>>> print(open('model.cif').read())   # mmCIF, C-alpha atoms and all ligand atoms
data_protein
#
loop_
_atom_site.label_atom_id
_atom_site.label_comp_id
_atom_site.auth_asym_id
_atom_site.auth_seq_id
_atom_site.Cartn_x
_atom_site.Cartn_y
_atom_site.Cartn_z
CA MET A 1 13.89 -34.01 -30.39
CA ILE A 2 15.14 -35.67 -27.19
CA LEU A 3 18.15 -38.00 -27.34
CA ILE A 4 17.75 -40.95 -24.99
CA VAL A 5 21.08 -42.60 -24.39
CA GLY A 6 20.59 -46.13 -23.04
CA GLY A 7 16.92 -46.05 -24.10
CA ALA A 8 16.87 -49.78 -24.92
CA GLY A 9 17.56 -50.62 -21.28
CA TYR A 10 15.10 -51.36 -18.53
CA ILE A 11 14.40 -47.86 -17.18
CA GLY A 12 15.20 -45.98 -20.39
CA SER A 13 12.70 -47.99 -22.47
CA HIS A 14 9.88 -47.18 -20.04
CA VAL A 15 10.77 -43.48 -20.13
CA VAL A 16 10.89 -43.57 -23.95
CA LYS A 17 7.37 -45.02 -24.10
CA GLU A 18 6.00 -42.37 -21.74
CA LEU A 19 7.74 -39.54 -23.61
CA LEU A 20 6.19 -40.75 -26.87
CA ASN A 21 2.77 -41.06 -25.22
CA GLN A 22 3.14 -37.41 -24.28
CA LYS A 23 3.99 -36.48 -27.89
CA HIS A 24 7.71 -35.83 -27.44
CA GLN A 25 9.94 -36.79 -30.36
CA VAL A 26 12.55 -39.30 -29.34
CA ILE A 27 15.75 -40.79 -30.72
CA VAL A 28 17.40 -43.66 -28.86
CA LEU A 29 21.13 -44.39 -28.92
CA ASP A 30 22.08 -47.71 -27.35
CA ASN A 31 24.88 -50.23 -27.88
CA LEU A 32 22.57 -53.07 -26.77
CA SER A 33 25.21 -54.35 -24.32
CA THR A 34 22.48 -54.95 -21.74
CA GLY A 35 19.48 -53.47 -23.56
CA HIS A 36 17.14 -54.92 -26.18
CA ARG A 37 16.12 -53.63 -29.59
CA GLU A 38 12.59 -54.99 -28.94
CA ALA A 39 12.32 -52.82 -25.82
CA VAL A 40 12.43 -49.64 -27.92
CA ASP A 41 9.01 -48.35 -28.83
CA PRO A 42 8.60 -48.52 -32.65
CA ARG A 43 7.54 -44.84 -32.69
CA ALA A 44 11.10 -43.83 -31.65
CA ASP A 45 14.09 -43.48 -33.99
CA PHE A 46 16.78 -45.97 -33.01
CA ILE A 47 20.53 -45.96 -33.59
CA GLN A 48 22.62 -48.88 -32.42
CA GLY A 49 25.95 -47.50 -31.26
CA ASP A 50 28.16 -46.50 -28.40
CA ILE A 51 28.65 -43.10 -26.73
CA ARG A 52 32.40 -43.74 -26.93
CA ASP A 53 32.10 -43.49 -30.74
CA GLU A 54 32.70 -39.77 -31.18
CA SER A 55 32.12 -39.74 -34.93
CA LEU A 56 28.72 -41.35 -34.38
CA LEU A 57 27.85 -38.72 -31.76
CA THR A 58 28.94 -35.95 -34.14
CA HIS A 59 26.71 -37.49 -36.82
CA ILE A 60 23.73 -37.62 -34.43
CA PHE A 61 24.17 -34.05 -33.14
CA THR A 62 24.57 -32.65 -36.66
CA THR A 63 21.78 -34.69 -38.30
CA TYR A 64 19.05 -34.36 -35.68
CA LYS A 65 17.87 -31.22 -33.94
CA ILE A 66 18.62 -32.45 -30.42
CA GLU A 67 17.08 -30.18 -27.76
CA GLY A 68 17.87 -32.25 -24.70
CA VAL A 69 19.59 -35.46 -23.59
CA MET A 70 18.60 -38.07 -21.02
CA HIS A 71 21.52 -40.29 -20.09
CA PHE A 72 20.68 -43.80 -18.83
CA ALA A 73 23.65 -45.67 -20.30
CA ALA A 74 25.93 -47.14 -17.67
CA HIS A 75 27.16 -50.24 -15.99
CA CYS A 76 24.98 -50.39 -12.93
CA LEU A 77 25.55 -53.38 -10.67
CA VAL A 78 26.91 -52.65 -7.22
CA GLY A 79 28.59 -56.06 -6.71
CA GLU A 80 30.14 -56.20 -10.19
CA SER A 81 31.61 -52.73 -9.70
CA VAL A 82 33.62 -53.98 -6.72
CA VAL A 83 35.36 -56.67 -8.78
CA LYS A 84 35.51 -54.80 -12.11
CA PRO A 85 35.98 -51.13 -11.19
CA PHE A 86 37.83 -50.29 -14.42
CA ILE A 87 34.79 -50.78 -16.64
CA TYR A 88 32.68 -48.71 -14.24
CA TYR A 89 34.96 -45.67 -14.36
CA GLU A 90 35.46 -46.13 -18.10
CA ASN A 91 31.81 -46.48 -19.15
CA ASN A 92 30.17 -44.38 -16.45
CA VAL A 93 32.65 -41.50 -16.16
CA ALA A 94 34.99 -41.35 -19.19
CA ALA A 95 32.24 -42.19 -21.70
CA THR A 96 29.89 -39.63 -20.13
CA LEU A 97 32.60 -36.98 -20.60
CA LEU A 98 32.65 -37.76 -24.32
CA LEU A 99 28.88 -37.37 -24.51
CA LEU A 100 29.03 -34.06 -22.63
CA ARG A 101 31.79 -32.79 -24.92
CA GLN A 102 29.58 -33.36 -27.96
CA MET A 103 26.68 -31.62 -26.25
CA ILE A 104 28.83 -28.58 -25.52
CA LEU A 105 30.25 -28.54 -29.05
CA HIS A 106 26.72 -28.58 -30.48
CA ASN A 107 25.20 -26.14 -27.99
CA VAL A 108 22.85 -28.66 -26.45
CA THR A 109 22.43 -27.53 -22.86
CA LYS A 110 19.62 -29.60 -21.31
CA PHE A 111 20.69 -32.80 -19.59
CA ILE A 112 19.02 -35.32 -17.29
CA PHE A 113 21.29 -37.80 -15.56
CA SER A 114 20.48 -41.19 -14.01
CA SER A 115 22.23 -41.21 -10.67
CA THR A 116 21.66 -43.41 -7.67
CA CYS A 117 21.20 -43.58 -3.94
CA ALA A 118 24.48 -45.54 -3.96
CA THR A 119 26.12 -42.08 -3.93
CA TYR A 120 25.16 -41.80 -0.22
CA GLY A 121 27.09 -44.87 0.94
CA ILE A 122 25.95 -45.85 4.43
CA PRO A 123 23.88 -42.88 5.51
CA ASN A 124 23.23 -42.20 9.12
CA ALA A 125 19.54 -41.36 8.54
CA LYS A 126 16.19 -43.13 8.66
CA ARG A 127 15.28 -41.31 5.48
CA ILE A 128 17.90 -40.01 3.13
CA ASP A 129 17.46 -36.48 1.82
CA GLU A 130 19.68 -34.70 -0.70
CA ASN A 131 21.65 -32.95 2.08
CA CYS A 132 22.94 -36.24 3.49
CA PRO A 133 26.70 -36.54 2.97
CA THR A 134 27.71 -38.43 -0.18
CA LYS A 135 30.25 -41.09 0.74
CA PRO A 136 29.90 -44.02 -1.67
CA ILE A 137 31.13 -47.42 -0.50
CA ASN A 138 31.50 -49.03 -3.93
CA PRO A 139 33.00 -48.03 -7.32
CA TYR A 140 29.54 -47.82 -8.92
CA GLY A 141 28.45 -45.14 -6.44
CA HIS A 142 31.77 -43.34 -6.84
CA SER A 143 31.44 -43.32 -10.62
CA LYS A 144 27.98 -41.72 -10.45
CA LEU A 145 29.10 -39.14 -7.89
CA MET A 146 32.06 -38.20 -10.09
CA VAL A 147 29.67 -37.43 -12.94
CA GLU A 148 27.54 -35.34 -10.60
CA GLN A 149 30.66 -33.26 -9.78
CA ILE A 150 31.50 -32.93 -13.48
CA LEU A 151 27.97 -31.68 -14.18
CA SER A 152 28.21 -29.07 -11.44
CA ASP A 153 31.51 -27.76 -12.84
CA PHE A 154 30.27 -27.86 -16.45
CA SER A 155 27.14 -25.98 -15.52
CA LYS A 156 29.22 -23.09 -14.17
CA ALA A 157 31.78 -23.13 -16.97
CA TYR A 158 29.74 -24.10 -20.07
CA GLY A 159 26.17 -23.20 -19.19
CA LEU A 160 24.90 -26.74 -18.92
CA SER A 161 21.38 -26.89 -17.43
CA TYR A 162 20.88 -30.22 -15.72
CA ILE A 163 18.89 -32.33 -13.33
CA VAL A 164 20.44 -35.28 -11.49
CA LEU A 165 17.91 -37.93 -10.48
CA ARG A 166 19.13 -40.24 -7.73
CA TYR A 167 16.96 -43.31 -8.06
CA PHE A 168 16.49 -45.79 -5.28
CA ASN A 169 15.64 -49.37 -6.42
CA ALA A 170 13.81 -49.34 -9.74
CA ALA A 171 11.30 -52.16 -10.13
CA GLY A 172 8.01 -53.12 -11.77
CA ALA A 173 6.99 -53.08 -15.42
CA ASP A 174 4.80 -51.37 -17.98
CA PRO A 175 1.17 -52.02 -16.86
CA GLU A 176 0.29 -52.69 -20.53
CA GLY A 177 2.73 -55.61 -20.42
CA GLU A 178 4.69 -54.57 -23.53
CA ILE A 179 8.03 -53.95 -21.84
CA GLY A 180 9.71 -55.01 -18.61
CA GLU A 181 12.96 -55.98 -16.94
CA ASP A 182 15.20 -58.45 -18.82
CA HIS A 183 18.83 -58.66 -17.71
CA THR A 184 21.16 -61.62 -18.29
CA PRO A 185 22.26 -62.66 -15.77
CA GLU A 186 19.55 -61.12 -13.60
CA SER A 187 20.91 -59.78 -10.31
CA HIS A 188 18.00 -57.69 -9.01
CA LEU A 189 15.89 -58.99 -6.18
CA ILE A 190 12.31 -58.73 -7.46
CA PRO A 191 12.85 -60.33 -10.90
CA ASN A 192 14.96 -63.04 -9.27
CA VAL A 193 12.22 -63.93 -6.81
CA LEU A 194 9.58 -63.90 -9.55
CA LEU A 195 11.68 -65.97 -11.96
CA HIS A 196 12.09 -68.51 -9.17
CA LEU A 197 8.33 -68.54 -8.47
CA LEU A 198 7.79 -69.01 -12.20
CA GLY A 199 9.90 -72.18 -12.01
CA LYS A 200 12.88 -70.77 -13.89
CA LYS A 201 15.27 -70.84 -10.91
CA SER A 202 15.41 -73.55 -8.27
CA SER A 203 15.65 -71.17 -5.28
CA VAL A 204 15.94 -67.56 -4.22
CA GLU A 205 19.02 -66.44 -2.35
CA ILE A 206 18.93 -63.94 0.50
CA PHE A 207 22.28 -62.20 0.61
CA GLY A 208 22.90 -61.79 4.33
CA ASP A 209 20.46 -62.17 7.24
CA ASN A 210 22.44 -60.57 10.05
CA TYR A 211 22.33 -56.88 9.10
CA GLY A 212 21.16 -54.53 11.84
CA THR A 213 17.64 -54.27 10.37
CA LYS A 214 14.18 -55.38 11.60
CA ASP A 215 14.56 -58.98 10.36
CA GLY A 216 18.30 -59.01 9.61
CA THR A 217 17.93 -58.69 5.82
CA CYS A 218 18.74 -55.54 3.82
CA VAL A 219 16.11 -52.84 3.51
CA ARG A 220 15.57 -50.99 0.22
CA ASP A 221 13.14 -48.45 -1.21
CA TYR A 222 11.49 -49.88 -4.35
CA ILE A 223 10.18 -47.38 -6.87
CA HIS A 224 8.05 -48.25 -9.90
CA VAL A 225 9.61 -47.51 -13.32
CA LEU A 226 6.53 -45.55 -14.32
CA ASP A 227 6.94 -43.27 -11.30
CA LEU A 228 10.54 -42.78 -12.50
CA ALA A 229 9.27 -42.05 -16.02
CA ASP A 230 6.86 -39.42 -14.69
CA ALA A 231 9.71 -37.73 -12.80
CA HIS A 232 11.87 -37.62 -15.95
CA ILE A 233 9.13 -35.94 -17.92
CA ARG A 234 8.58 -33.37 -15.17
CA ALA A 235 12.34 -32.77 -15.00
CA LEU A 236 12.55 -32.26 -18.77
CA GLU A 237 9.60 -29.88 -18.79
CA HIS A 238 11.19 -27.93 -15.93
CA LEU A 239 14.43 -27.52 -17.89
CA PHE A 240 12.50 -26.27 -20.93
CA ALA A 241 10.37 -23.92 -18.84
CA THR A 242 13.23 -22.13 -17.08
CA ARG A 243 15.49 -19.55 -18.70
CA GLU A 244 18.30 -19.70 -16.13
CA ASN A 245 20.62 -22.69 -16.01
CA GLN A 246 19.44 -25.32 -13.59
CA ALA A 247 21.76 -27.43 -11.42
CA LEU A 248 19.36 -29.62 -9.47
CA THR A 249 19.57 -32.95 -7.67
CA TYR A 250 16.55 -34.97 -6.58
CA ASN A 251 15.97 -38.28 -4.84
CA LEU A 252 13.44 -40.60 -6.45
CA GLY A 253 12.06 -43.20 -4.10
CA ASN A 254 8.83 -44.34 -2.50
CA GLY A 255 9.79 -43.24 1.00
CA LYS A 256 9.06 -46.75 2.30
CA GLY A 257 11.61 -49.39 3.23
CA TYR A 258 11.05 -53.12 2.64
CA SER A 259 13.39 -55.87 3.77
CA VAL A 260 14.43 -58.66 1.41
CA LEU A 261 12.17 -61.02 3.39
CA GLU A 262 9.20 -58.67 3.12
CA VAL A 263 9.70 -58.41 -0.64
CA ILE A 264 9.78 -62.20 -0.93
CA LYS A 265 6.57 -62.43 1.12
CA MET A 266 4.85 -59.91 -1.16
CA CYS A 267 5.94 -61.92 -4.21
CA GLU A 268 4.56 -65.09 -2.61
CA ARG A 269 1.25 -63.36 -1.91
CA VAL A 270 0.84 -61.93 -5.42
CA THR A 271 1.80 -65.16 -7.16
CA GLU A 272 0.10 -67.47 -4.61
CA ASN A 273 3.23 -69.59 -4.54
CA LYS A 274 5.81 -70.50 -1.90
CA ALA A 275 9.50 -69.61 -2.35
CA ASN A 276 12.39 -71.94 -1.62
CA ILE A 277 14.77 -69.62 0.27
CA VAL A 278 18.52 -70.13 0.65
CA ILE A 279 20.52 -67.88 2.98
CA SER A 280 23.87 -66.82 1.47
CA PRO A 281 26.59 -64.46 2.71
CA GLY A 282 25.98 -60.72 2.26
CA ARG A 283 27.32 -59.15 -0.97
CA THR A 284 30.35 -56.87 -0.69
CA GLY A 285 29.36 -53.24 -1.09
CA ASP A 286 25.71 -53.66 0.02
CA PRO A 287 24.53 -51.09 2.58
CA ALA A 288 22.02 -52.43 5.16
CA TYR A 289 19.33 -49.76 4.87
CA LEU A 290 18.46 -47.24 2.13
CA VAL A 291 15.17 -45.34 2.18
CA ALA A 292 14.42 -42.05 0.39
CA ASP A 293 13.07 -38.74 1.52
CA TYR A 294 11.52 -37.37 -1.70
CA GLU A 295 10.18 -34.09 -0.24
CA LYS A 296 12.42 -31.93 -2.43
CA ILE A 297 11.08 -33.12 -5.78
CA ARG A 298 7.55 -33.22 -4.38
CA LYS A 299 7.78 -29.55 -3.44
CA GLU A 300 9.68 -28.32 -6.47
CA LEU A 301 8.32 -30.44 -9.36
CA ASN A 302 5.08 -31.64 -7.75
CA TRP A 303 6.12 -35.28 -8.23
CA ARG A 304 5.04 -38.08 -5.95
CA PRO A 305 5.10 -41.85 -6.35
CA VAL A 306 1.73 -43.45 -7.07
CA TYR A 307 2.61 -47.16 -7.31
CA THR A 308 2.89 -49.39 -4.20
CA LEU A 309 5.13 -52.42 -3.67
CA GLU A 310 2.12 -54.60 -4.50
CA ASP A 311 1.64 -52.73 -7.83
CA ILE A 312 5.35 -53.19 -8.52
CA VAL A 313 5.18 -56.95 -7.96
CA ASN A 314 1.89 -57.28 -9.87
CA THR A 315 3.14 -55.49 -12.98
CA ALA A 316 6.48 -57.33 -12.86
CA TRP A 317 4.70 -60.68 -12.49
CA ASN A 318 2.46 -59.83 -15.45
CA TRP A 319 5.59 -59.12 -17.52
CA HIS A 320 7.47 -62.28 -16.48
CA THR A 321 4.51 -64.61 -16.96
CA SER A 322 3.80 -63.20 -20.43
CA HIS A 323 7.55 -63.14 -21.37
CA PRO A 324 9.08 -66.13 -19.53
CA TYR A 325 12.15 -66.00 -21.81
CA GLY A 326 12.40 -62.19 -21.80
CA TYR A 327 12.29 -60.31 -25.10
N1 LIG B 401 17.93 -50.32 -11.98
C1 LIG B 401 18.03 -49.59 -10.87
O1 LIG B 401 17.49 -49.96 -9.82
C2 LIG B 401 18.79 -48.30 -10.87
C3 LIG B 401 18.86 -47.57 -9.66
C4 LIG B 401 19.58 -46.38 -9.64
C5 LIG B 401 20.18 -45.89 -10.79
N2 LIG B 401 20.08 -46.60 -11.95
C6 LIG B 401 20.69 -46.05 -13.15
O2 LIG B 401 19.70 -45.98 -14.17
C7 LIG B 401 20.29 -46.18 -15.45
C8 LIG B 401 19.54 -47.27 -16.20
O3 LIG B 401 19.54 -48.47 -15.44
P1 LIG B 401 18.83 -49.80 -15.99
O4 LIG B 401 18.48 -50.61 -14.81
O5 LIG B 401 17.79 -49.44 -16.98
O6 LIG B 401 20.06 -50.49 -16.72
P2 LIG B 401 20.14 -51.25 -18.13
O7 LIG B 401 21.41 -52.00 -18.12
O8 LIG B 401 18.87 -52.02 -18.35
O9 LIG B 401 20.18 -50.07 -19.16
C9 LIG B 401 21.37 -49.42 -19.55
C10 LIG B 401 21.35 -49.26 -21.07
O10 LIG B 401 22.51 -48.55 -21.49
C11 LIG B 401 23.08 -49.20 -22.62
N3 LIG B 401 24.51 -48.83 -22.62
C12 LIG B 401 25.44 -49.11 -21.66
N4 LIG B 401 26.63 -48.57 -21.99
C13 LIG B 401 26.46 -47.94 -23.18
C14 LIG B 401 27.32 -47.19 -24.04
N5 LIG B 401 28.62 -47.02 -23.74
N6 LIG B 401 26.81 -46.67 -25.18
C15 LIG B 401 25.49 -46.86 -25.49
N7 LIG B 401 24.64 -47.55 -24.74
C16 LIG B 401 25.11 -48.09 -23.58
C17 LIG B 401 22.78 -50.68 -22.40
O11 LIG B 401 22.80 -51.45 -23.58
C18 LIG B 401 21.38 -50.60 -21.79
O12 LIG B 401 20.38 -50.62 -22.79
C19 LIG B 401 21.76 -46.51 -15.19
O13 LIG B 401 22.52 -45.34 -15.39
C20 LIG B 401 21.78 -46.91 -13.71
O14 LIG B 401 23.02 -46.63 -13.12
C21 LIG B 401 19.41 -47.79 -12.00
O1 LIG B 402 18.84 -62.53 -5.49
C1 LIG B 402 18.97 -61.57 -4.72
C2 LIG B 402 19.16 -60.24 -5.20
C3 LIG B 402 19.31 -59.21 -4.29
N1 LIG B 402 19.27 -59.46 -2.96
C4 LIG B 402 19.36 -58.33 -2.00
O2 LIG B 402 18.29 -57.48 -2.30
C5 LIG B 402 18.66 -56.10 -2.11
C6 LIG B 402 18.44 -55.35 -3.42
O3 LIG B 402 19.40 -55.84 -4.34
P1 LIG B 402 19.34 -55.49 -5.91
O4 LIG B 402 17.95 -55.72 -6.41
O5 LIG B 402 20.44 -56.26 -6.57
O6 LIG B 402 19.58 -53.93 -5.95
P2 LIG B 402 20.79 -53.04 -5.37
O7 LIG B 402 22.04 -53.83 -5.17
O8 LIG B 402 20.24 -52.33 -4.16
O9 LIG B 402 21.10 -52.06 -6.56
C7 LIG B 402 20.08 -51.49 -7.39
O10 LIG B 402 19.63 -50.34 -6.75
C8 LIG B 402 20.64 -49.35 -6.59
C9 LIG B 402 20.02 -48.24 -5.79
O11 LIG B 402 19.80 -48.74 -4.47
C10 LIG B 402 21.08 -48.92 -7.99
O12 LIG B 402 21.98 -47.87 -7.92
C11 LIG B 402 21.66 -50.09 -8.74
O13 LIG B 402 21.97 -49.68 -10.06
C12 LIG B 402 20.64 -51.20 -8.78
O14 LIG B 402 21.24 -52.38 -9.33
C13 LIG B 402 20.12 -56.13 -1.67
O15 LIG B 402 20.15 -56.07 -0.28
C14 LIG B 402 20.63 -57.50 -2.13
O16 LIG B 402 21.64 -58.02 -1.30
C15 LIG B 402 19.09 -60.74 -2.46
O17 LIG B 402 19.06 -60.97 -1.25
N2 LIG B 402 18.93 -61.75 -3.36
#
>>> encode(input="model.cif", output="structure tokens")
Amino acid sequence: MILIVGGAGYIGSHVVKELLNQKHQVIVLDNLSTGHREAVDPRADFIQGDIRDESLLTHIFTTYKIEGVMHFAAHCLVGESVVKPFIYYENNVAATLLLLRQMILHNVTKFIFSSTCATYGIPNAKRIDENCPTKPINPYGHSKLMVEQILSDFSKAYGLSYIVLRYFNAAGADPEGEIGEDHTPESHLIPNVLLHLLGKKSSVEIFGDNYGTKDGTCVRDYIHVLDLADAHIRALEHLFATRENQALTYNLGNGKGYSVLEVIKMCERVTENKANIVISPGRTGDPAYLVADYEKIRKELNWRPVYTLEDIVNTAWNWHTSHPYGY
């Protein structure tokens, strides 16, 4: 059985559905702080609770035969982390330590960790590969990089076998339309544009239009949640297939950069609607340009993204139009 921590959240719930489709047994632990009970596939076991509750973790590790853990639970907003760093270090680093302690105590060695391209900071590269220096520029990125260091040390000392997945910008929704992105408040670009085009927000803000990019707006690499789900399953299967401890780090992105303006244009095209754009100051902690080189995971786990930006916007639009109030 695989324990999915944070499996009621946006990315976790999509991974849970794919794991179940591929006949894995799944138990989800989530405190529902930003996740939704309805997002958890009914075929999964669900426990509402917090990873900081050590007696609950002991109960889970002694009751269920947990063979591996995927850890999605975190605070994960770049801007919020700049103004509320305490909760980022507390929930992303200290709470993860508690989870890892229980794993070690119960001899569970396989671990997949949701990290981020925010660990790179402002890279000096057109495409970021895993050898680029990690110099985060916000507390969120620092908190994820700290966990990566902890995992490396724990692997050597306690035999942890792990894969760190550094996602770029997750987007899109389940093509079957059952689950999708639902955050309150919503801060991510694509849902914000689509919610505006759906008439739920009066305008869409562009945070900064004088970055040193092709049109002055920030460039990001948008990766479909189902491509992320596929990578998680490959990572899990790799950990189960190898005898030696693994200590691996992979980027997960599309390898293509789109500016905020280009994303808005794609949303306008898919929805056949015109956006009312407002230019606002850039957000603190936002790098100008982040695009992935995903060669390493392509070579080693035979993963490659299959969804385009248009697929991302189409599936997200399908979700928002069928769930205008979220779950
Ligand atoms: N969304 C992105 O673009 C993106 C990019 C890079 C990395 N990530 C990482 O991926 C992971 C998932 O992101 P998401 O967008 O699905 O976020 P999300 O907020 O939708 O999901 C996080 C889930 O974790 C749960 N949770 C948080 N703290 C918890 C705790 N202490 N105990 C139990 N449950 C807890 C929340 O209720 C939520 O269901 C995060 O670790 C994030 O840092 C996300
Ligand atoms: O209404 C909006 C929302 C966002 N943006 C811009 O759009 C880009 C993407 O922003 P957003 O969708 O909020 O994602 P990021 O801030 O890039 O962060 C996401 O992607 C990171 C990886 O790049 C993850 O680590 C984070 O968890 C996840 O929130 C940024 O340049 C924002 O300034 C706008 O202009 N208007």
>>> atom_distance(input="model.cif", atom1="CA of Asn169 in chain A", atom2="atom O8 of ligand LIG 402 (chain B)")
5.9 Å
>>> residues_near_ligand(input="model.cif", ligand="ligand LIG 401 (chain B)", cutoff="7 Å", atoms="all atoms listed in the file", output="JSON, numbers by chain")
{"A": [5, 6, 7, 8, 9, 10, 11, 12, 29, 30, 31, 32, 33, 34, 35, 36, 49, 50, 51, 52, 71, 72, 73, 74, 75, 76, 91, 95, 114, 115, 116, 117, 166, 167, 168, 169, 170, 171, 183]}
>>> closest_residue(input="model.cif", among="A:Thr242, A:Asn92, A:Asn124, A:Asn107", to="ligand LIG 402 (chain B)", atoms="all atoms listed in the file")
A:Asn92
>>> residues_near_ligand(input="model.cif", ligand="ligand LIG 402 (chain B)", cutoff="6 Å", atoms="all atoms listed in the file", output="mmCIF file with C-alpha atoms, keeping the file's coordinate frame")
data_model
loop_
_atom_site.group_PDB
_atom_site.id
_atom_site.type_symbol
_atom_site.label_atom_id
_atom_site.label_comp_id
_atom_site.auth_asym_id
_atom_site.auth_seq_id
_atom_site.Cartn_x
_atom_site.Cartn_y
_atom_site.Cartn_z
ATOM 1 C CA CYS A 76 24.980 -50.390 -12.930
ATOM 2 C CA LEU A 77 25.550 -53.380 -10.670
ATOM 3 C CA VAL A 78 26.910 -52.650 -7.220
ATOM 4 C CA THR A 116 21.660 -43.410 -7.670
ATOM 5 C CA CYS A 117 21.200 -43.580 -3.940
ATOM 6 C CA ALA A 118 24.480 -45.540 -3.960
ATOM 7 C CA PHE A 168 16.490 -45.790 -5.280
ATOM 8 C CA ASN A 169 15.640 -49.370 -6.420
ATOM 9 C CA SER A 187 20.910 -59.780 -10.310
ATOM 10 C CA HIS A 188 18.000 -57.690 -9.010
ATOM 11 C CA LEU A 189 15.890 -58.990 -6.180
ATOM 12 C CA ASN A 192 14.960 -63.040 -9.270
ATOM 13 C CA VAL A 204 15.940 -67.560 -4.220
ATOM 14 C CA GLU A 205 19.020 -66.440 -2.350
ATOM 15 C CA ILE A 206 18.930 -63.940 0.500
ATOM 16 C CA PHE A 207 22.280 -62.200 0.610
ATOM 17 C CA CYS A 218 18.740 -55.540 3.820
ATOM 18 C CA VAL A 260 14.430 -58.660 1.410
ATOM 19 C CA ARG A 283 27.320 -59.150 -0.970
#
>>> atom_distance(input="model.cif", atom1="CA of Asp286 in chain A", atom2="CA of Gly208 in chain A")
9.6 Å
>>> closest_atom_pairs(input="model.cif", of="range 53-105 of chain A", to="range 154-163 of chain A", cutoff="10 Å", atoms="all atoms listed in the file", output="Markdown table")
| residue | atom | partner | partner_atom | distance |
| --- | --- | --- | --- | --- |
| A:Gly68 | CA | A:Tyr162 | CA | 9.7 |
| A:Val69 | CA | A:Tyr162 | CA | 9.5 |
| A:Met70 | CA | A:Ile163 | CA | 9.6 |
| A:Leu100 | CA | A:Phe154 | CA | 8.8 |
| A:Arg101 | CA | A:Phe154 | CA | 9.9 |
| A:Met103 | CA | A:Leu160 | CA | 9.0 |
| A:Ile104 | CA | A:Tyr158 | CA | 7.1 |
>>> residues_around(input="model.cif", residues="Gly285 in chain A", least_positions_apart="5", cutoff="8 Å", atoms="only C-alpha atoms", output="list in words")
Val78, Gly79, Val82, Ile137 and Asn138 of chain A
>>> closest_residue(input="model.cif", among="A:Arg234, A:Arg43, A:Arg37, A:Arg220", to="Lys17 in chain A", atoms="all atoms listed in the file")
A:Arg43
>>> atom_distance(input="model.cif", atom1="CA of Gly199 in chain A", atom2="CA of Gly172 in chain A")
19.2 Å
>>> residues_around(input="model.cif", residues="Val263 in chain A", least_positions_apart="3", cutoff="9 Å", atoms="all atoms listed in the file", output="list in words")
Leu189, Ile190, Val193, Tyr258, Ser259, Val260, Met266, Cys267, Glu268, Leu309 and Val313 of chain A
>>> closest_atom_pairs(input="model.cif", of="range 217-321 of chain A", to="range 175-181 of chain A", cutoff="9 Å", atoms="all atoms listed in the file", output="JSON lines")
{"residue": "A:Leu226", "atom": "CA", "partner": "A:Pro175", "partner_atom": "CA", "distance": 8.8}
{"residue": "A:Asn314", "atom": "CA", "partner": "A:Pro175", "partner_atom": "CA", "distance": 8.8}
{"residue": "A:Thr315", "atom": "CA", "partner": "A:Pro175", "partner_atom": "CA", "distance": 5.6}
{"residue": "A:Ala316", "atom": "CA", "partner": "A:Gly180", "partner_atom": "CA", "distance": 7.0}
{"residue": "A:Asn318", "atom": "CA", "partner": "A:Gly177", "partner_atom": "CA", "distance": 6.5}
{"residue": "A:Trp319", "atom": "CA", "partner": "A:Gly177", "partner_atom": "CA", "distance": 5.4}
{"residue": "A:His320", "atom": "CA", "partner": "A:Gly180", "partner_atom": "CA", "distance": 7.9}
>>> closest_residue(input="model.cif", among="A:His232, A:His323, A:Arg127, A:His224", to="Trp303 in chain A", atoms="all atoms listed in the file")
A:His232
>>> residues_around(input="model.cif", residues="Ala125 in chain A", least_positions_apart="4", cutoff="9 Å", atoms="all atoms listed in the file", output="list of chain:residue names")
A:Asp129, A:Cys132, A:Leu290, A:Val291
>>> axis_aligned_box(input="model.cif", around="range 189-197 of chain A", padding_each_side="3 Å", output="JSON")
{"center_x": 12.1, "center_y": -63.6, "center_z": -9.1, "size_x": 13.6, "size_y": 15.8, "size_z": 11.8}
>>> residues_around(input="model.cif", residues="Phe46 in chain A", least_positions_apart="2", cutoff="8 Å", atoms="all atoms listed in the file", output="PyMOL selection string")
chain A and resi 27-30+40+44+48
>>> closest_residue(input="model.cif", among="A:Tyr140, A:Tyr325, A:Trp317, A:Phe240", to="Leu197 in chain A", atoms="all atoms listed in the file")
A:Trp317
>>> closest_residue(input="model.cif", among="A:Leu239, A:Leu97, A:Ile223, A:Ala229", to="Tyr294 in chain A", atoms="all atoms listed in the file")
A:Ile223
>>> closest_residue(input="model.cif", among="A:Gly253, A:Pro191, A:Pro42, A:Gly216", to="Ile297 in chain A", atoms="all atoms listed in the file")
A:Gly253
>>> residues_around(input="model.cif", residues="Met146 in chain A", least_positions_apart="4", cutoff="7 Å", atoms="only C-alpha atoms", output="PyMOL selection string")
chain A and resi 93+142+150
>>> write_last_selection(input="model.cif", atoms="C-alpha atoms", output="mmCIF file, in the frame of the given file")
data_model
loop_
_atom_site.group_PDB
_atom_site.id
_atom_site.type_symbol
_atom_site.label_atom_id
_atom_site.label_comp_id
_atom_site.auth_asym_id
_atom_site.auth_seq_id
_atom_site.Cartn_x
_atom_site.Cartn_y
_atom_site.Cartn_z
ATOM 1 C CA VAL A 93 32.650 -41.500 -16.160
ATOM 2 C CA HIS A 142 31.770 -43.340 -6.840
ATOM 3 C CA ILE A 150 31.500 -32.930 -13.480
#
